[in-house]
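Printed here is model_27.csv (CSV, C-alpha atoms):
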chain,number,residue,atom,x,y,z
A,1375,MET,CA,0.0,0.0,0.0
A,1376,LEU,CA,2.8,2.4,0.9
A,1377,ASP,CA,4.5,1.7,-2.4
A,1378,ILE,CA,1.4,2.5,-4.3
A,1379,ILE,CA,1.1,5.9,-2.4
A,1380,ILE,CA,4.7,6.7,-3.1
A,1381,ASP,CA,4.4,5.9,-6.8
A,1382,ALA,CA,1.2,8.0,-7.0
A,1383,LEU,CA,3.0,10.9,-5.4
A,1384,ILE,CA,6.0,10.6,-7.7
A,1385,ILE,CA,3.7,10.5,-10.8
A,1386,GLY,CA,1.8,13.5,-9.4
A,1387,PHE,CA,5.0,15.4,-8.9
A,1388,LYS,CA,6.1,14.6,-12.5
A,1389,ILE,CA,2.8,15.7,-13.9
A,1390,ASN,CA,3.1,19.1,-12.0
A,1391,LEU,CA,6.6,19.5,-13.4
A,1392,ILE,CA,5.1,19.4,-16.9
A,1393,LEU,CA,1.7,21.2,-16.2
A,1394,LEU,CA,2.9,24.2,-14.2
A,1395,PRO,CA,5.6,25.4,-16.7
A,1396,LEU,CA,3.1,24.7,-19.5
A,1397,ILE,CA,0.4,26.9,-18.0
A,1398,LEU,CA,3.0,29.6,-17.4
A,1399,ALA,CA,4.3,29.2,-21.0
A,1400,VAL,CA,0.7,29.5,-22.2
A,1401,ALA,CA,0.2,32.7,-20.3
A,1402,TYR,CA,3.4,34.3,-21.5
A,1403,THR,CA,2.8,33.1,-25.1
A,1404,THR,CA,-0.2,35.5,-25.1
A,1405,PHE,CA,2.1,38.3,-23.9
A,1406,ALA,CA,4.8,37.4,-26.5
A,1407,GLU,CA,2.2,37.4,-29.3
A,1408,ARG,CA,0.8,40.9,-28.3
A,1409,LYS,CA,4.4,42.3,-28.1
A,1410,LEU,CA,5.6,40.7,-31.3
A,1411,ILE,CA,2.6,41.8,-33.3
A,1412,GLY,CA,2.8,45.2,-31.7
A,1413,TYR,CA,6.4,45.6,-32.9
A,1414,MET,CA,5.5,44.3,-36.4
A,1415,GLN,CA,2.8,47.0,-36.5
A,1416,LEU,CA,5.0,49.7,-35.0
A,1417,ARG,CA,3.2,49.6,-31.7
A,1418,LEU,CA,4.4,48.9,-28.2
A,1419,GLY,CA,2.0,46.3,-27.1
A,1420,PRO,CA,1.3,45.7,-23.4
A,1421,ASN,CA,3.5,48.1,-21.4
A,1422,ARG,CA,1.6,49.3,-18.4
A,1423,VAL,CA,1.2,46.4,-15.9
A,1424,GLY,CA,4.6,45.6,-14.3
A,1425,PRO,CA,8.0,46.4,-15.7
A,1426,LYS,CA,7.5,46.9,-19.5
A,1427,GLY,CA,4.2,45.0,-19.2
A,1428,TRP,CA,5.6,41.7,-17.9
A,1429,LEU,CA,2.8,41.3,-15.4
A,1430,GLN,CA,0.0,41.7,-18.0
A,1431,PRO,CA,-0.7,37.9,-18.3
A,1432,ILE,CA,-1.1,37.7,-14.5
A,1433,ALA,CA,-3.5,40.7,-14.5
A,1434,ASP,CA,-5.5,39.0,-17.3
A,1435,VAL,CA,-5.8,35.8,-15.3
A,1436,VAL,CA,-6.9,37.6,-12.2
A,1437,LYS,CA,-9.5,39.6,-14.2
A,1438,LEU,CA,-10.9,36.5,-15.8
A,1439,LEU,CA,-11.1,34.6,-12.5
A,1440,MET,CA,-13.1,37.5,-11.0
A,1441,LYS,CA,-15.6,37.8,-13.8
A,1442,GLU,CA,-19.1,36.4,-13.3
A,1443,ILE,CA,-19.8,33.0,-14.9
A,1444,VAL,CA,-23.0,33.6,-16.8
A,1445,ILE,CA,-25.1,30.5,-17.9
A,1446,PRO,CA,-27.9,31.1,-20.4
A,1447,SER,CA,-31.3,30.3,-18.9
A,1448,GLY,CA,-32.1,27.6,-21.5
A,1449,ALA,CA,-28.7,26.0,-21.5
A,1450,ASN,CA,-27.9,22.5,-20.4
A,1451,LYS,CA,-25.9,23.5,-17.3
A,1452,THR,CA,-23.9,20.3,-16.9
A,1453,LEU,CA,-22.7,20.1,-20.5
A,1454,PHE,CA,-22.3,23.9,-20.7
A,1455,LEU,CA,-19.7,23.7,-17.8
A,1456,LEU,CA,-18.2,20.4,-19.1
A,1457,ALA,CA,-17.4,21.6,-22.6
A,1458,PRO,CA,-14.4,23.9,-21.8
A,1459,ILE,CA,-12.9,21.1,-19.7
A,1460,LEU,CA,-13.4,18.6,-22.5
A,1461,PHE,CA,-11.8,21.0,-24.9
A,1462,ILE,CA,-8.7,21.8,-22.8
A,1463,ALA,CA,-8.1,18.4,-21.1
A,1464,PRO,CA,-6.8,16.6,-24.3
A,1465,SER,CA,-4.4,19.5,-24.8
A,1466,PHE,CA,-2.7,18.8,-21.5
A,1467,ALA,CA,-3.1,15.0,-21.6
A,1468,ALA,CA,-1.1,14.8,-24.8
A,1469,TRP,CA,2.0,16.0,-23.0
A,1470,ALA,CA,2.2,12.7,-21.1
A,1471,VAL,CA,4.1,11.1,-24.0
A,1472,ILE,CA,6.2,14.0,-25.1
A,1473,PRO,CA,9.9,13.3,-24.7
A,1474,PHE,CA,11.9,16.4,-23.7
A,1475,SER,CA,15.2,14.4,-24.0
A,1476,ALA,CA,16.3,10.8,-24.2
A,1477,GLU,CA,15.8,10.4,-20.5
A,1478,ILE,CA,13.0,13.0,-19.7
A,1479,VAL,CA,9.5,11.7,-20.5
A,1480,LEU,CA,6.5,11.0,-18.3
A,1481,ALA,CA,5.2,7.9,-20.1
A,1482,ASP,CA,7.5,6.3,-22.6
A,1483,VAL,CA,4.9,4.2,-24.5
A,1484,ASN,CA,5.4,2.4,-27.7
A,1485,VAL,CA,2.2,3.8,-29.3
A,1486,GLY,CA,2.9,7.5,-28.5
A,1487,LEU,CA,2.1,8.5,-32.0
A,1488,LEU,CA,-1.3,6.9,-31.8
A,1489,TYR,CA,-1.9,8.4,-28.4
A,1490,ILE,CA,-1.2,11.9,-29.7
A,1491,LEU,CA,-3.6,11.4,-32.6
A,1492,ALA,CA,-6.3,10.2,-30.3
A,1493,MET,CA,-5.9,13.1,-27.8
A,1494,THR,CA,-5.9,15.8,-30.5
A,1495,SER,CA,-9.0,14.3,-31.9
A,1496,ILE,CA,-11.1,14.5,-28.7
A,1497,ALA,CA,-11.2,18.3,-28.6
A,1498,VAL,CA,-13.8,18.4,-31.3
A,1499,TYR,CA,-16.4,17.0,-28.9
A,1500,GLY,CA,-15.8,20.0,-26.6
A,1501,VAL,CA,-16.5,22.3,-29.5
A,1502,ILE,CA,-19.8,20.6,-30.5
A,1503,ILE,CA,-21.0,20.2,-26.9
A,1504,ALA,CA,-20.2,23.9,-26.2
A,1505,GLY,CA,-22.3,25.0,-29.2
A,1506,TRP,CA,-25.2,22.7,-28.5
A,1507,ALA,CA,-25.4,23.2,-24.7
A,1508,SER,CA,-25.5,27.0,-25.1
A,1509,ASN,CA,-29.0,26.8,-26.5
A,1510,SER,CA,-28.0,29.4,-29.1
A,1511,LYS,CA,-28.4,29.2,-32.8
A,1512,TYR,CA,-25.3,31.3,-33.3
A,1513,ALA,CA,-23.2,29.1,-31.0
A,1514,LEU,CA,-24.6,25.9,-32.7
A,1515,LEU,CA,-23.8,27.0,-36.2
A,1516,GLY,CA,-20.4,28.2,-35.1
A,1517,SER,CA,-19.7,24.9,-33.5
A,1518,LEU,CA,-20.6,23.0,-36.7
A,1519,ARG,CA,-18.4,25.2,-38.8
A,1520,SER,CA,-15.5,24.9,-36.3
A,1521,ALA,CA,-15.9,21.1,-36.0
A,1522,SER,CA,-15.9,20.6,-39.7
A,1523,GLN,CA,-12.7,22.6,-40.0
A,1524,ILE,CA,-11.0,20.6,-37.2
A,1525,ILE,CA,-12.1,17.3,-38.7
A,1526,SER,CA,-11.0,18.3,-42.2
A,1527,TYR,CA,-7.5,19.2,-41.2
A,1528,GLU,CA,-7.3,16.2,-38.7
A,1529,ILE,CA,-7.4,13.9,-41.7
A,1530,ALA,CA,-4.4,15.7,-43.4
A,1531,MET,CA,-2.5,15.6,-40.1
A,1532,GLY,CA,-3.3,11.9,-39.7
A,1533,PHE,CA,-1.8,11.1,-43.2
A,1534,ALA,CA,1.2,13.2,-42.2
A,1535,LEU,CA,1.7,11.1,-39.1
A,1536,VAL,CA,1.5,8.0,-41.2
A,1537,ALA,CA,4.4,9.3,-43.3
A,1538,VAL,CA,6.4,9.9,-40.1
A,1539,LEU,CA,5.5,6.3,-39.0
A,1540,MET,CA,6.7,4.9,-42.3
A,1541,ALA,CA,9.9,6.9,-42.3
A,1542,SER,CA,10.9,5.9,-38.7
A,1543,GLY,CA,9.3,2.4,-38.5
A,1544,THR,CA,8.0,3.1,-35.0
A,1545,MET,CA,5.2,4.9,-33.1
A,1546,ASN,CA,7.4,5.7,-30.1
A,1547,LEU,CA,8.2,9.4,-30.1
A,1548,GLY,CA,11.6,8.9,-28.6
A,1549,ASP,CA,12.6,6.3,-31.2
A,1550,ILE,CA,11.3,8.7,-33.9
A,1551,VAL,CA,13.8,11.3,-32.7
A,1552,MET,CA,16.6,8.8,-32.4
A,1553,ALA,CA,16.0,7.6,-36.0
A,1554,GLN,CA,17.0,11.1,-37.1
A,1555,GLU,CA,20.4,11.0,-35.3
A,1556,GLY,CA,23.4,12.1,-37.2
A,1557,GLY,CA,23.0,15.9,-37.9
A,1558,PHE,CA,20.5,18.2,-39.5
A,1559,TRP,CA,20.8,16.5,-42.9
A,1560,HIS,CA,19.5,13.3,-41.3
A,1561,TRP,CA,16.3,15.0,-40.0
A,1562,TYR,CA,13.0,14.1,-41.7
A,1563,TRP,CA,12.3,17.7,-42.9
A,1564,ILE,CA,14.3,16.9,-46.1
A,1565,PRO,CA,12.6,13.6,-47.3
A,1566,LEU,CA,9.2,14.7,-45.9
A,1567,LEU,CA,9.3,18.4,-46.8
A,1568,PRO,CA,5.7,18.5,-48.3
A,1569,ILE,CA,4.5,16.5,-45.3
A,1570,LEU,CA,6.1,19.0,-43.0
A,1571,VAL,CA,4.3,21.9,-44.7
A,1572,VAL,CA,1.0,20.1,-44.6
A,1573,TYR,CA,1.4,19.1,-41.0
A,1574,TRP,CA,2.4,22.5,-39.7
A,1575,ILE,CA,-0.3,24.4,-41.7
A,1576,SER,CA,-2.9,21.8,-40.7
A,1577,GLY,CA,-1.8,22.4,-37.0
A,1578,VAL,CA,-2.3,26.1,-37.5
A,1579,ALA,CA,-5.8,25.5,-38.9
A,1580,GLU,CA,-6.7,22.9,-36.2
A,1581,THR,CA,-5.9,25.3,-33.4
A,1582,ASN,CA,-8.1,28.0,-35.0
A,1583,ARG,CA,-5.2,30.4,-35.6
A,1584,ALA,CA,-5.2,33.1,-38.2
A,1585,PRO,CA,-5.6,33.0,-41.1
A,1586,PHE,CA,-7.9,30.1,-40.2
A,1587,ASP,CA,-9.6,31.7,-37.2
A,1588,LEU,CA,-13.1,31.4,-38.5
A,1589,PRO,CA,-14.7,30.6,-35.1
A,1590,GLU,CA,-13.5,34.0,-33.8
A,1591,GLY,CA,-14.6,35.7,-37.0
A,1592,GLU,CA,-18.2,34.8,-37.7
A,1593,SER,CA,-18.7,38.1,-39.6
A,1594,GLU,CA,-17.1,39.9,-36.6
A,1595,ILE,CA,-20.5,39.8,-34.8
A,1596,VAL,CA,-20.2,36.8,-32.5
A,1597,ALA,CA,-17.4,34.5,-31.4
A,1598,GLY,CA,-18.6,31.2,-32.8
A,1599,PHE,CA,-19.2,28.2,-30.6
A,1600,HIS,CA,-18.1,30.0,-27.4
A,1601,VAL,CA,-20.1,33.2,-27.8
A,1602,GLU,CA,-22.2,32.5,-24.7
A,1603,TYR,CA,-19.2,31.9,-22.4
A,1604,ALA,CA,-17.7,34.4,-20.0
A,1605,GLY,CA,-15.1,34.5,-17.3
A,1606,ILE,CA,-13.1,31.4,-16.6
A,1607,GLY,CA,-15.1,29.3,-19.1
A,1608,PHE,CA,-14.3,31.7,-21.9
A,1609,SER,CA,-10.6,31.8,-20.9
A,1610,LEU,CA,-10.3,27.9,-20.9
A,1611,PHE,CA,-11.1,27.9,-24.6
A,1612,PHE,CA,-8.3,30.3,-25.3
A,1613,LEU,CA,-5.9,28.6,-22.9
A,1614,ALA,CA,-6.5,25.4,-24.9
A,1615,GLU,CA,-5.8,27.3,-28.1
A,1616,TYR,CA,-2.4,28.5,-26.9
A,1617,ALA,CA,-1.6,25.1,-25.3
A,1618,ASN,CA,-2.3,23.5,-28.7
A,1619,MET,CA,0.0,26.0,-30.4
A,1620,ILE,CA,2.8,25.0,-28.1
A,1621,LEU,CA,2.0,21.3,-28.6
A,1622,ILE,CA,2.0,21.5,-32.4
A,1623,SER,CA,5.3,23.4,-32.3
A,1624,VAL,CA,6.9,20.8,-30.1
A,1625,LEU,CA,5.5,17.9,-32.2
A,1626,THR,CA,6.8,19.5,-35.4
A,1627,ALA,CA,10.3,19.7,-33.9
A,1628,LEU,CA,10.1,16.0,-32.8
A,1629,PHE,CA,8.8,14.6,-36.0
A,1630,PHE,CA,10.8,16.6,-38.6
A,1631,PHE,CA,13.6,18.5,-36.9
A,1632,GLY,CA,15.3,15.9,-34.6
A,1633,GLY,CA,13.7,16.9,-31.4
A,1634,TRP,CA,16.3,17.3,-28.7
A,1635,LEU,CA,19.2,16.3,-31.0
A,1636,ASN,CA,22.1,18.7,-31.6
A,1637,PRO,CA,21.8,20.1,-35.2
A,1638,PHE,CA,25.6,20.1,-35.4
A,1639,GLN,CA,26.1,16.4,-34.9
A,1640,GLY,CA,28.9,15.1,-37.2
A,1641,ILE,CA,30.3,18.6,-37.9
A,1642,PRO,CA,33.9,19.0,-36.6
A,1643,TYR,CA,34.4,21.7,-34.0
A,1644,LEU,CA,30.8,22.8,-34.0
A,1645,GLU,CA,29.6,19.6,-32.4
A,1646,SER,CA,32.2,19.7,-29.6
A,1647,ALA,CA,31.5,23.4,-29.1
A,1648,THR,CA,27.8,22.9,-28.6
A,1649,ASP,CA,27.8,19.6,-26.7
A,1650,TRP,CA,27.3,21.3,-23.4
A,1651,ILE,CA,23.8,22.5,-24.4
A,1652,PRO,CA,21.2,20.2,-23.0
A,1653,GLY,CA,18.9,18.4,-25.4
A,1654,THR,CA,15.8,19.9,-23.8
A,1655,ILE,CA,17.1,23.4,-24.7
A,1656,TRP,CA,17.5,22.4,-28.3
A,1657,LEU,CA,13.9,21.1,-28.4
A,1658,LEU,CA,12.5,24.2,-26.8
A,1659,LEU,CA,14.5,26.5,-29.2
A,1660,LYS,CA,13.1,24.6,-32.2
A,1661,ALA,CA,9.6,24.7,-30.8
A,1662,ALA,CA,10.0,28.4,-30.1
A,1663,TRP,CA,10.8,29.1,-33.7
A,1664,PHE,CA,7.6,27.4,-34.9
A,1665,LEU,CA,5.6,29.3,-32.3
A,1666,PHE,CA,7.1,32.5,-33.6
A,1667,MET,CA,6.1,31.5,-37.1
A,1668,MET,CA,2.5,31.1,-36.0
A,1669,ILE,CA,2.5,34.5,-34.5
A,1670,TRP,CA,4.2,35.9,-37.6
A,1671,LEU,CA,1.5,34.2,-39.8
A,1672,ARG,CA,-1.2,36.0,-37.8
A,1673,ALA,CA,0.3,39.4,-38.3
A,1674,THR,CA,0.8,38.8,-42.1
A,1675,PHE,CA,-2.2,37.1,-43.7
A,1676,PRO,CA,-5.9,38.1,-43.8
A,1677,ARG,CA,-8.5,35.6,-42.8
A,1678,TYR,CA,-9.6,33.0,-45.3
A,1679,ARG,CA,-13.1,32.5,-46.4
A,1680,TYR,CA,-14.8,29.3,-45.2
A,1681,ASP,CA,-14.9,27.8,-48.7
A,1682,GLN,CA,-11.2,28.5,-49.2
A,1683,VAL,CA,-10.4,26.8,-45.9
A,1684,MET,CA,-12.3,23.7,-46.9
A,1685,ARG,CA,-10.8,23.6,-50.4
A,1686,LEU,CA,-7.3,23.8,-49.0
A,1687,GLY,CA,-7.9,20.9,-46.6
A,1688,TRP,CA,-9.7,18.6,-48.9
A,1689,LYS,CA,-8.5,19.4,-52.4
A,1690,ILE,CA,-4.8,20.3,-51.8
A,1691,PHE,CA,-3.5,18.9,-48.5
A,1692,ILE,CA,-5.0,15.4,-48.6
A,1693,PRO,CA,-4.0,14.7,-52.2
A,1694,VAL,CA,-0.5,16.0,-51.5
A,1695,THR,CA,-0.1,13.7,-48.5
A,1696,VAL,CA,-1.4,10.7,-50.4
A,1697,VAL,CA,0.9,11.2,-53.3
A,1698,TRP,CA,3.9,11.8,-51.0
A,1699,LEU,CA,3.1,8.5,-49.1
A,1700,ILE,CA,3.5,6.7,-52.4
A,1701,ILE,CA,6.8,8.5,-53.2
A,1702,LEU,CA,7.9,7.7,-49.6
A,1703,THR,CA,7.2,4.0,-50.1
A,1704,PHE,CA,9.6,3.9,-53.1
A,1705,MET,CA,12.2,5.9,-51.2
A,1706,ILE,CA,12.1,3.5,-48.3
A,1707,LYS,CA,12.2,0.5,-50.7
A,1708,ALA,CA,15.2,2.0,-52.5
A,1709,GLY,CA,17.0,2.7,-49.2
A,1710,VAL,CA,17.6,6.3,-50.0
A,1711,SER,CA,20.5,7.5,-47.9
A,1712,PRO,CA,20.9,8.7,-45.2
A,1713,TRP,CA,17.3,8.5,-44.0
A,1714,PHE,CA,16.3,5.0,-45.1
A,1715,ALA,CA,19.7,3.3,-45.5
A,1716,GLY,CA,19.4,-0.3,-44.6
A,1717,ARG,CA,15.6,-0.2,-44.8
A,1718,GLY,CA,15.4,-1.0,-48.5
A,1719,VAL,CA,14.5,-4.2,-50.2
A,1720,LEU,CA,14.8,-7.2,-47.9
Before anything else, please render the file you have as structure tokens.
Amino acid sequence: MLDIIIDALIIGFKINLILLPLILAVAYTTFAERKLIGYMQLRLGPNRVGPKGWLQPIADVVKLLMKEIVIPSGANKTLFLLAPILFIAPSFAAWAVIPFSAEIVLADVNVGLLYILAMTSIAVYGVIIAGWASNSKYALLGSLRSASQIISYEIAMGFALVAVLMASGTMNLGDIVMAQEGGFWHWYWIPLLPILVVYWISGVAETNRAPFDLPEGESEIVAGFHVEYAGIGFSLFFLAEYANMILISVLTALFFFGGWLNPFQGIPYLESATDWIPGTIWLLLKAAWFLFMMIWLRATFPRYRYDQVMRLGWKIFIPVTVVWLIILTFMIKAGVSPWFAGRGVL
């Protein structure tokens, strides 16, 4: 009995080691976004709360916690309150299998790729339930539009993950990273370049980020499926959005850019000069770049129309992934070096 309690405490401690920095990172990603877009538009961004605005995310959290939770009179109260939790829980649960280095991972499971795909697919239920439980036609129509967008790009992301599975021959996230060992020219971004583009843009669309932020658009009148939410319920939806942004950025680094691996492996002098940098730092730097790209994308492109979003997902991304899976099959059979050397014809 004592061993069970100790194991539970250790697991709880490890979970907190992931969740607490993640929540803090989510809060300050909002701050970084407002600052970066401000600089891109020749503005200052948040600069009033704390030194140069650094306490602005804390002020935002306090404000949202103090706001009244308003539940529409005709809403299904239980589902109305459950929807934000169902939307954000998979965003946090997916981090259980994320390897931060060769040794640092909460659950080193052999089906991590399948687990990630399952967790990222559950959030659509939170969207649909939020729209239906609100007892509002605007929220219901917004949830249907958002759900169809998420499902459409989930298919393209699923095909992209199949390509990563084929290239590495494993569903273990740590083994996928180790299959890219040998330097940046061994990483999968070279043989899977079209898949990388499809996966990352699909991740942007799935997280409802600009220029795919149709749920927040809705003709600029209402906010889609979460129009009836206020206070902490409203904030949970946006907390999940930023948590998903960080998750997609980390997964892109793991699948296509060698995760925690040193990019200078195999390069004389540079490898020895950078060996002191921990693998976790390399992973976070790569993820930070993709996070910056998402913010940059928002500041650059106008919002797509709904028909353009659907056309991109169904008529461009899915055919591209299917064609590249066929090409990838021949590359693996031919044992194209250095990515598939030794994996060719048996």
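Once Asn1421 in chain A and its same-chain neighbours fewer than 6 positions away are set aside, Phe1405, Ala1406, Arg1408, Lys1409, Gly1412, Gly1427, Trp1428, Leu1429, Gln1430 and Pro1431 of chain A remain within 12 Å of it when counting all atoms listed in the file.
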Neighbours of point (1.4, 12.1, -48.0) within 9 Å, using only C-alpha atoms, written as a PyMOL selection string: chain A and resi 1530+1533-1537+1566+1568-1569+1572+1691-1702
Protein, DNA and RNA residues within 10 Å of (5.1, 14.3, -23.9), all atoms listed in the file, as number ranges by chain: A: 1392, 1466-1474, 1478-1482, 1486, 1490, 1547-1548, 1621, 1624-1625
Shell of 8 Å around Lys1660 in chain A, all atoms listed in the file, local chain residues under 5 positions omitted, as an mmCIF file with C-alpha atoms, keeping the file's coordinate frame:
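Heads up, here's the output in around25.cif:
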data_model
loop_
_atom_site.group_PDB
_atom_site.id
_atom_site.type_symbol
_atom_site.label_atom_id
_atom_site.label_comp_id
_atom_site.auth_asym_id
_atom_site.auth_seq_id
_atom_site.Cartn_x
_atom_site.Cartn_y
_atom_site.Cartn_z
ATOM 1 C CA SER A 1623 5.300 23.400 -32.300
ATOM 2 C CA VAL A 1624 6.900 20.800 -30.100
ATOM 3 C CA ALA A 1627 10.300 19.700 -33.900
ATOM 4 C CA PHE A 1631 13.600 18.500 -36.900
ATOM 5 C CA GLY A 1633 13.700 16.900 -31.400
#
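Between CA of Trp1656 in chain A and CA of Ala1541 in chain A there is a distance of 22.2 Å.
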Against range 1665-1671 of chain A, which residues of range 1380-1407 of chain A fall within 10 Å? For each one I want the closest pair of atoms and the distance in Å (one decimal), counting all atoms listed in the file, rows by chain and increasing residue number, as a tab-separated table.
residue	atom	partner	partner_atom	distance
A:Thr1403	CA	A:Leu1665	CA	8.6
A:Thr1404	CA	A:Ile1669	CA	9.8
A:Ala1406	CA	A:Ile1669	CA	8.8
A:Glu1407	CA	A:Ile1669	CA	6.0
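Closest approach to Met1552 in chain A from the set A:Leu1460, A:Leu1570, A:Leu1488, A:Leu1635 is made by A:Leu1635, with distances taken over only C-alpha atoms.
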Tell me, as a PDB file with C-alpha atoms, in the frame of the given file, which residues lie within 8 Å of Ile1655 in chain A, counting all atoms listed in the file; anything in the same chain fewer than 4 positions away does not count.
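Produced file around_21.pdb, reproduced below:
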ATOM      1  CA  TRP A1634      16.300  17.300 -28.700  1.00  0.00           C
ATOM      2  CA  ILE A1651      23.800  22.500 -24.400  1.00  0.00           C
ATOM      3  CA  LEU A1659      14.500  26.500 -29.200  1.00  0.00           C
TER       4      LEU A1659
END
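Between CA of Gly1632 in chain A and CA of Gly1556 in chain A lies a distance of 9.3 Å.
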Computed interatomic separation between CA of Asp1549 in chain A and CA of Glu1477 in chain A (Å): 11.9 Å
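Distance check against Ser1711 in chain A using only C-alpha atoms: of A:Tyr1512, A:Tyr1402, A:Trp1559, A:Trp1506, the minimum falls on A:Trp1559.
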For Ala1614 in chain A: contacts at 9 Å, all atoms listed in the file, fewer than 4 positions along chain excluded, given as a ChimeraX atom specification: /A:1400,1458,1461-1466,1581,1609-1610,1618-1619
Long-range neighbours of Phe1454 in chain A as a VMD selection string, 7 Å cut-off, all atoms listed in the file, 5 positions minimum in chain: chain A and resid 1449 1504 1507 to 1508
For range 1663-1700 of chain A, write C-alpha atoms out as a CSV table (one decimal), in the first residue's frame.
chain,number,residue,atom,x,y,z
A,1663,TRP,CA,10.8,29.1,-33.7
A,1664,PHE,CA,7.6,27.4,-34.9
A,1665,LEU,CA,5.6,29.3,-32.3
A,1666,PHE,CA,7.1,32.5,-33.6
A,1667,MET,CA,6.1,31.5,-37.1
A,1668,MET,CA,2.5,31.1,-36.0
A,1669,ILE,CA,2.5,34.5,-34.5
A,1670,TRP,CA,4.2,35.9,-37.6
A,1671,LEU,CA,1.5,34.2,-39.8
A,1672,ARG,CA,-1.2,36.0,-37.8
A,1673,ALA,CA,0.3,39.4,-38.3
A,1674,THR,CA,0.8,38.8,-42.1
A,1675,PHE,CA,-2.2,37.1,-43.7
A,1676,PRO,CA,-5.9,38.1,-43.8
A,1677,ARG,CA,-8.5,35.6,-42.8
A,1678,TYR,CA,-9.6,33.0,-45.3
A,1679,ARG,CA,-13.1,32.5,-46.4
A,1680,TYR,CA,-14.8,29.3,-45.2
A,1681,ASP,CA,-14.9,27.8,-48.7
A,1682,GLN,CA,-11.2,28.5,-49.2
A,1683,VAL,CA,-10.4,26.8,-45.9
A,1684,MET,CA,-12.3,23.7,-46.9
A,1685,ARG,CA,-10.8,23.6,-50.4
A,1686,LEU,CA,-7.3,23.8,-49.0
A,1687,GLY,CA,-7.9,20.9,-46.6
A,1688,TRP,CA,-9.7,18.6,-48.9
A,1689,LYS,CA,-8.5,19.4,-52.4
A,1690,ILE,CA,-4.8,20.3,-51.8
A,1691,PHE,CA,-3.5,18.9,-48.5
A,1692,ILE,CA,-5.0,15.4,-48.6
A,1693,PRO,CA,-4.0,14.7,-52.2
A,1694,VAL,CA,-0.5,16.0,-51.5
A,1695,THR,CA,-0.1,13.7,-48.5
A,1696,VAL,CA,-1.4,10.7,-50.4
A,1697,VAL,CA,0.9,11.2,-53.3
A,1698,TRP,CA,3.9,11.8,-51.0
A,1699,LEU,CA,3.1,8.5,-49.1
A,1700,ILE,CA,3.5,6.7,-52.4
